[in-house]
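Here is the structure we will look at.
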Amino acid sequence: MGTDLAPFMSRNGLAAMQLARRLLGLPVGAQLPLVRDMAAELSYGNGTIQSGLELLEQSGAIATRSRGRLGTFLESADRAMLWELGGLGTLSVAMPLPYSRRYEGLASGLRCALDELGVPLSLSYMRGSAERVATVVEGRVDVAVVSGLAFDVLSTEAPLVALADLGPRTYVSDHGLLLAEGRDRDQPGLRVAVDPASADQVQLVRQLFGGRDDVRYVETSYNQLDQAFQRGEVDATVWNLDEIDQHLTAAVTAEPLTTDPDGPTRSTHAVLAAREGTERVPAALVAAVDLDLVRAVTDDVLHGRRVPAY
């Protein structure tokens, strides 16, 4: 951003940097904490905190207004500047592997929206929602992109919070039941492929076949499903329908799972998940991200109107 950091190379400036982190998550219109409370929290004197707030105002990071006995309120906040002045570095986001055009669009949309906001972004790519969530919980990344279904399942086991839900068909168009040629879902003794790393696949397979004692589950990595079908090792599985044309060459039939007339299931929603209690990605920062832009860029990439850039 090129902000002049020279005024922040002092005790008052160091206080301002800590205040920038503290105020990053404060919504516009909210009352600022009392100076004495922030002084006690950050271990500074009242005068140093007041000077730090003045530095933030002079830099344009915040604007405040005093309402007398009611207190001081936040009138505006430049979230990107607060992020920079707080020394928070790069926002790290774990994405699914970009092996479908929709995932490429989602990565491009997030890149575009964070660039517009002015927050430095680092995208990493890894297979399996469980692995992405583990990196968030362990503090290795700030945000994981998972499906709504994966979030619903994994948040019962890990301290997660949903920062944003991008809505239906932003993660996948749908999942489908894949059957090897000549097989049907009611056939006894089906060998069903399942990848333990994919919370979506595990849950959807469980919904389809969980009540059957005759089904044999075959642990199969998601990226080996095509070969498993070709070699005749499995009879059925659940797969992302966006990937079939690009990555599946085996002779299979595909049946969409969504039959609900009210719309697609939670497995199609893209959710931005963070560790519960994180201070690096507060709600106010997420609220400043243009999620409509994320969706628009995703759609443009999906329909060939835009070249993926992530």
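In the structure tokens, chains take the letters A, B, ... in the order shown, each chain's residues start at 1, and ligands count up from 1 in the order shown.
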
Practice item. List the neighbours of segment 57-65 of chain A out to 6 Å using only C-alpha atoms; skip same-chain residues closer than 4 positions along the sequence, and give me the result as a PyMOL selection string. Key: chain A and resi 72-78+81-82

Check your understanding: Please, which residues of segment 49-162 of chain A, numbered as in this document, come out alpha helix (DSSP H) from DSSP, as an NGL selection string?
Key -> :A and (49-59 or 79-85 or 101-117 or 129-137 or 148-154)

Would you save the residues of that selection, restricted to C-alpha atoms, as a short mmCIF file (atom, residue, chain, number, x, y, z; two decimals), in the first residue's frame?
```
data_model
loop_
_atom_site.label_atom_id
_atom_site.label_comp_id
_atom_site.auth_asym_id
_atom_site.auth_seq_id
_atom_site.Cartn_x
_atom_site.Cartn_y
_atom_site.Cartn_z
CA ILE A 49 -3.06 5.01 23.73
CA GLN A 50 -4.54 8.42 22.94
CA SER A 51 -1.48 9.30 20.84
CA GLY A 52 -1.71 5.94 19.08
CA LEU A 53 -5.33 6.60 18.15
CA GLU A 54 -4.37 10.03 16.83
CA LEU A 55 -1.69 8.43 14.64
CA LEU A 56 -4.27 6.04 13.19
CA GLU A 57 -6.59 8.95 12.45
CA GLN A 58 -3.83 11.04 10.87
CA SER A 59 -2.84 8.12 8.62
CA ARG A 79 -9.45 -2.37 6.75
CA ALA A 80 -6.51 -2.84 4.39
CA MET A 81 -4.58 -0.03 6.09
CA LEU A 82 -5.39 -1.39 9.55
CA TRP A 83 -4.18 -4.80 8.36
CA GLU A 84 -0.92 -3.29 7.10
CA LEU A 85 -0.32 -1.09 10.13
CA ARG A 101 -13.07 -24.86 -13.71
CA ARG A 102 -15.33 -23.88 -10.80
CA TYR A 103 -12.45 -24.18 -8.31
CA GLU A 104 -10.27 -22.11 -10.64
CA GLY A 105 -13.02 -19.50 -10.73
CA LEU A 106 -13.39 -19.49 -6.96
CA ALA A 107 -9.64 -19.02 -6.47
CA SER A 108 -9.65 -16.24 -9.08
CA GLY A 109 -12.62 -14.55 -7.39
CA LEU A 110 -11.01 -14.57 -3.96
CA ARG A 111 -7.77 -13.25 -5.42
CA CYS A 112 -9.61 -10.42 -7.20
CA ALA A 113 -11.70 -9.43 -4.15
CA LEU A 114 -8.75 -9.41 -1.73
CA ASP A 115 -6.62 -7.46 -4.23
CA GLU A 116 -9.42 -4.91 -4.50
CA LEU A 117 -9.59 -4.64 -0.71
CA SER A 129 -11.46 -30.77 3.40
CA ALA A 130 -10.29 -32.52 6.57
CA GLU A 131 -6.68 -31.64 5.76
CA ARG A 132 -7.54 -28.02 4.97
CA VAL A 133 -9.46 -27.66 8.23
CA ALA A 134 -6.55 -29.22 10.15
CA THR A 135 -4.21 -26.52 8.80
CA VAL A 136 -6.62 -23.84 10.09
CA VAL A 137 -7.00 -25.40 13.52
CA GLY A 148 -21.12 -26.23 3.60
CA LEU A 149 -21.62 -29.93 4.27
CA ALA A 150 -17.96 -30.44 5.21
CA PHE A 151 -18.14 -27.43 7.52
CA ASP A 152 -21.29 -28.73 9.20
CA VAL A 153 -19.60 -32.09 9.83
CA LEU A 154 -16.10 -30.93 10.77
#
```

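Shortest atom-to-atom contact with Val286 of chain A among A:Ala164, A:Leu190, A:Val141, A:Leu34: A:Ala164, counting only C-alpha atoms.
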
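Nearest to Pro120 of chain A of all the residues A:Ala274, A:Ile244, A:Ala158, A:Leu91 is A:Leu91, counting only C-alpha atoms.
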
Check your understanding: Quick one: of A:Ala197, A:Ala254, A:Leu178, A:Tyr222, who's nearest to Val238 of chain A, counting only C-alpha atoms?
Key -> A:Leu178

Practice item. Pick out the residues sitting within 12 Å of Asp195 of chain A, and hand them over as a ChimeraX atom specification; count only C-alpha atoms, and ignore anything fewer than 4 positions along from it in its own chain. Key: /A:127-130,199-206,217-225,237-239

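As for atom CA of Tyr171 of chain A and atom CA of His269 of chain A, they are spaced 5.2 Å apart.
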
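Nearest residue to Leu248 of chain A among A:Ala40, A:Arg305, A:Arg69, A:Ala180 is A:Ala180, counting only C-alpha atoms.
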
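Close contacts of Gly182 of chain A, defined as residues with an atom at most 10 Å away when counting only C-alpha atoms, with chain neighbours fewer than 6 positions off set aside, comprise Asp235, Ala251, Val252 and Thr253 of chain A.
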
Exercise for review: Find the distance between atom CA of Thr278 of chain A and atom CA of Val119 of chain A and write it in Å to one decimal.
Suggested key: 16.9 Å

Practice item. Using DSSP on the backbone coordinates, identify all residues within segment 61-188 of chain A classified as strand (DSSP E); present the result as an NGL selection string. Key: :A and (62-66 or 72-77 or 91-95 or 121-125 or 143-147 or 160-165 or 175-180)

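Taking atom CA of Ala270 of chain A and atom CA of Leu166 of chain A as endpoints, the distance between them is 5.4 Å.
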
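Comparing A:Thr90, A:Leu163, A:Leu121, A:Met126 by their smallest distance to Ala287 of chain A, the closest is A:Leu163 (using only C-alpha atoms).
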
Practice item. Find the spatial neighbours of Gly232 of chain A, counting only C-alpha atoms, within a cut-off of 10 Å - ignore same-chain residues fewer than 5 positions away - and output them as number ranges by chain. Key: A: 180, 191, 227, 250

Give me a file of those residues, with all heavy atoms, as a PDB file, in the first residue's frame.
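Below is the file that was written, selection-v5.pdb:
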```
ATOM      1  N   ALA A 180     -20.553 -48.017 -12.093  1.00  0.00           N
ATOM      2  CA  ALA A 180     -19.863 -48.663 -13.201  1.00  0.00           C
ATOM      3  C   ALA A 180     -20.894 -49.195 -14.189  1.00  0.00           C
ATOM      4  O   ALA A 180     -22.032 -49.505 -13.829  1.00  0.00           O
ATOM      5  CB  ALA A 180     -18.983 -49.791 -12.678  1.00  0.00           C
ATOM      6  N   ARG A 191     -19.301 -52.641  -4.377  1.00  0.00           N
ATOM      7  CA  ARG A 191     -18.031 -52.156  -3.826  1.00  0.00           C
ATOM      8  C   ARG A 191     -18.011 -50.635  -4.030  1.00  0.00           C
ATOM      9  O   ARG A 191     -17.951 -50.155  -5.166  1.00  0.00           O
ATOM     10  CB  ARG A 191     -16.865 -52.812  -4.553  1.00  0.00           C
ATOM     11  CG  ARG A 191     -16.798 -54.339  -4.381  1.00  0.00           C
ATOM     12  CD  ARG A 191     -15.872 -54.959  -5.404  1.00  0.00           C
ATOM     13  NE  ARG A 191     -16.350 -54.682  -6.764  1.00  0.00           N
ATOM     14  CZ  ARG A 191     -15.634 -54.919  -7.875  1.00  0.00           C
ATOM     15  NH1 ARG A 191     -14.406 -55.408  -7.786  1.00  0.00           N
ATOM     16  NH2 ARG A 191     -16.140 -54.656  -9.055  1.00  0.00           N
ATOM     17  N   GLN A 227      -9.039 -44.561 -12.162  1.00  0.00           N
ATOM     18  CA  GLN A 227      -8.290 -45.796 -12.373  1.00  0.00           C
ATOM     19  C   GLN A 227      -8.965 -46.984 -11.683  1.00  0.00           C
ATOM     20  O   GLN A 227      -8.961 -48.106 -12.215  1.00  0.00           O
ATOM     21  CB  GLN A 227      -6.859 -45.641 -11.858  1.00  0.00           C
ATOM     22  CG  GLN A 227      -6.022 -44.617 -12.618  1.00  0.00           C
ATOM     23  CD  GLN A 227      -6.122 -43.224 -12.008  1.00  0.00           C
ATOM     24  OE1 GLN A 227      -7.166 -42.854 -11.446  1.00  0.00           O
ATOM     25  NE2 GLN A 227      -5.039 -42.457 -12.100  1.00  0.00           N
ATOM     26  N   ALA A 250     -13.446 -43.564 -17.411  1.00  0.00           N
ATOM     27  CA  ALA A 250     -14.056 -44.880 -17.250  1.00  0.00           C
ATOM     28  C   ALA A 250     -15.514 -44.841 -17.688  1.00  0.00           C
ATOM     29  O   ALA A 250     -16.175 -43.795 -17.659  1.00  0.00           O
ATOM     30  CB  ALA A 250     -13.945 -45.319 -15.793  1.00  0.00           C
TER      31      ALA A 250
END
```

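Minimum atom-to-atom distances from A:Thr48, A:Ser267, A:Arg22, A:Ala283 to Ser10 of chain A were compared using only C-alpha atoms, and the lowest value belongs to A:Thr48.
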